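Some notes on the structure that comes next.
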Amino acid sequence: MNLTEKEVRHVARLARLAISSTELSEATQALGRVLDYIDLLNELNTDAVPPTTHVEAIETVWRQDRVVPSLSPEAATANGPQVSSQMFVVPKILDRGEE
Amino acid sequence: MTNQYEVVIGLEVHVELKTQTKLFCGCANAFGQDPNSQTCPVCLGLPGVLPVLNGEAVALAARAALALHCTVNSYSKFDRKQYFYPDLPKAYQISQYDQPLAENGHVTIQPSDGKRDIGIERIHMEEDAGKLNHLGQRLEDAEGSLVDLNRAGVPLIEIVSRPEMHSPEEARQYLVELRTILSYLDISDLRMEEGSMRCDANISLRPLDYTGSLADLPRVEIKNVNSFRNVQRSIEFEISRQRQLLQTGQRIVKETRGFDDASGSTYSQRSKEEANDYRYFPEPDLPPLVLSETWLQNQREALPQLPDELRQHLAQRGVAERDVEVLVQDLNLYHYWSQVVELVPDVRLVTNWLLSDYSRLMNAKGLNFATPQVSADGLASLLTLITSGTLSGKMAKEVLEAMFETGETAEAVVKRLGLSQITDRNAIKEIVSAVVAANPAVVQDFLSGKEKALTFLVGQVMKQTKGQAKPDLVNALLREVLAAYA
């Protein structure tokens, strides 16, 4: 499948991957081959198969609204590279995310 | 190109659901707790965990959808919305994309040109993000941030309106009615200042000669404004900013803007043109949500009386339109009102007293009807003293004020202040005759046609009875006695 280097650069940016120009052409080819392989699925006739969104034939699994104990704040933040007042410290945020 | 524009506003409202636990784990859903004291591997986004849906959150969401006249889909699914932000530990939010829980509802507003339905496009469920405490005044100046994940995973519904509002006032009305309906359902705290209700506004100006699709117009989204008043202010500002740009031949950029309370203006946060690429895909960790008709029927039956039903009911009881709205907007007040009306069936009397004197005293004390100062029984017995003629309206006001201050019953205040209206015809007639006899000149004035002279005589009688005579009775008796002089 023909991917453009522009598309790959875009995807890399979305995934916050730094990619050099030599890596870019390599990645474009490699990703194209992956997509070619996945494309094999299109050889199957799925006209009679209903669309599905989940690999298992299950539906509607839910639980009761009952509180279970949480971790302690110390345990919760134990893996944080920097912690202050029981909170994770993150550097200055430049670009606004979305909710 | 025309200089005439139609304002087009669409609102996205996020509402936190009042469940015991989070949407996908058993951590407590409670506001204002110690930072990171309500987290677990699921809502921290640690590897190797699986989310499990909270059934109660689905029930509350479905009730909201039904109350807003939506169709609840029997089949919906969850999707991953991917973006990087420090309040989102998994780097994706579990939301619903192309198959949301509910669609096609409406909220009725009443602008000056008549009632109108504002369409609701969809209602979907999703998890809330954590909370960032910025070290600095505004996000833009922050040196860094502290992340508290207690809120991460709290169940939310997002209610997306159609772009069918055309003024800041219509947007305000939509929000007020939406909040009123949701407050009846008791599914959320709905506190904008605490973030349990949040509003984003999409605003564009459509040139009147524009025939293309609305979606192609440059649209500005104002995010997370923290009060209804500020939603209105931010929309007002944005309309004039966009109008000015257009009138000076400039282009409106599709972007996300924030609102600065102090200056009343919006400011650019991020250009939307490049950033909106969430790569939604079906959440593999959650099976589809299939709701049976029986389950839905149970939710329908769990719905309480809704504002529109209450409006109808109150109108039938003979409550004036303006008063209906006051009662509908405050359920505690309405419950109090119905208790009093149960005891004193004079709807007009009860409504007038409750909405004027009683409310004034409550406001003066900074109280609301969740904790009424005088019980419904207490107010009812006071009003009964009016209907029986024991107290005049003026006396009753005095008694009510005393009841507020001392907590005494109406009867006790009446007794202590010696305040009962004299309704004894003979007793009053005796005083009337004495007053007439003592004021021959005034009587002559009256007899020669000066109606005003009567007011003076009524005043004299009221003075002698310390205001306790029934005024209409005094009037009638005076005329009766004076007729004998003519």
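We label chains A, B, ... in the order they appear in the structure tokens, count residues from 1 in each chain, and number ligands from 1 in the order shown.
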
**Request:** Hey, list the chain A side of the contact with chain B: 10 Å cut-off, only C-alpha atoms, answer as a PyMOL selection string.
**Result:** chain A and resi 10-11+14-16+52-77+82-99

**Asked** Could you pull the residues within 7 Å of Ser204 (chain B), counting only C-alpha atoms, minus those fewer than 4 positions along the same chain, as a PyMOL selection string?
**Response** chain B and resi 7-9+217-220

How would the residues just chosen look if you wrote them out with N, CA and C atoms as a short mmCIF file (atom, residue, chain, number, x, y, z; two decimals), in the first residue's frame?
```cif
data_model
loop_
_atom_site.label_atom_id
_atom_site.label_comp_id
_atom_site.auth_asym_id
_atom_site.auth_seq_id
_atom_site.Cartn_x
_atom_site.Cartn_y
_atom_site.Cartn_z
N VAL B 7 -26.21 34.79 14.35
CA VAL B 7 -25.37 34.13 15.34
C VAL B 7 -25.82 32.67 15.45
N VAL B 8 -24.87 31.75 15.41
CA VAL B 8 -25.20 30.33 15.54
C VAL B 8 -24.42 29.76 16.72
N ILE B 9 -25.17 29.24 17.70
CA ILE B 9 -24.53 28.73 18.93
C ILE B 9 -24.94 27.28 19.17
N LEU B 217 -18.51 26.63 8.07
CA LEU B 217 -18.22 27.97 8.60
C LEU B 217 -17.14 27.86 9.68
N PRO B 218 -16.23 28.83 9.75
CA PRO B 218 -15.24 28.79 10.82
C PRO B 218 -15.93 28.90 12.18
N ARG B 219 -15.59 27.96 13.06
CA ARG B 219 -16.29 27.88 14.33
C ARG B 219 -15.28 28.04 15.46
N VAL B 220 -15.66 28.80 16.47
CA VAL B 220 -14.79 28.99 17.62
C VAL B 220 -15.41 28.27 18.81
#
```

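Residues of chain A carrying a DSSP assignment of strand (DSSP E), computed from the backbone, are Trp62, Arg63, Val83, Ser84, Met87, Phe88, Val89, Val90 and Pro91 of chain A.
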
**Asked** What is the distance between CA of Val344 (chain B) and CA of Leu383 (chain B), in Å to one decimal?
**Response**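 According to the coordinates, CA of Val344 (chain B) and CA of Leu383 (chain B) are separated by 7.2 Å.
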
**Asked** Mind checking DSSP for region 196-396 of chain B and telling me the helix (DSSP H, G or I) residues as a ChimeraX atom specification?
**Response** /B:214-216,228-247,272-275,293-301,307-316,321-329,331-343,347-364,376-387,393-396

**Prompt:** Can you list, as a ChimeraX atom specification, every protein, DNA or RNA residue that comes within 10 Å of region 30-41 of chain A when you count only C-alpha atoms, leaving out same-chain residues fewer than 4 positions away?
**Reply:** /A:1-4,8,24-26,45-46

**Prompt:** Separation of CA of Gln96 (chain B) and CA of His124 (chain B), in Å?
**Reply:**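 Computing it gives 5.8 Å between the two atoms.
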
**Item:** Distance query region 463-470 of chain B at most 12 Å, only C-alpha atoms, self and fewer than 4 positions along chain excluded, as an MDAnalysis selection string
**Value:** chainID B and resid 386 388:396 414 417:432 434:435 456:459 474:477

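Using only C-alpha atoms, the residues found no farther than 12 Å from Pro207 (chain B), other than those of its own chain fewer than 5 positions away, are Met1, Thr2, Asn3, Gln4, Tyr5, Glu6, Val7, Val8, Gly212, Ser213, Leu214, Leu217, Pro218, Gln242, Arg243, Leu246 and Gln247 of chain B.
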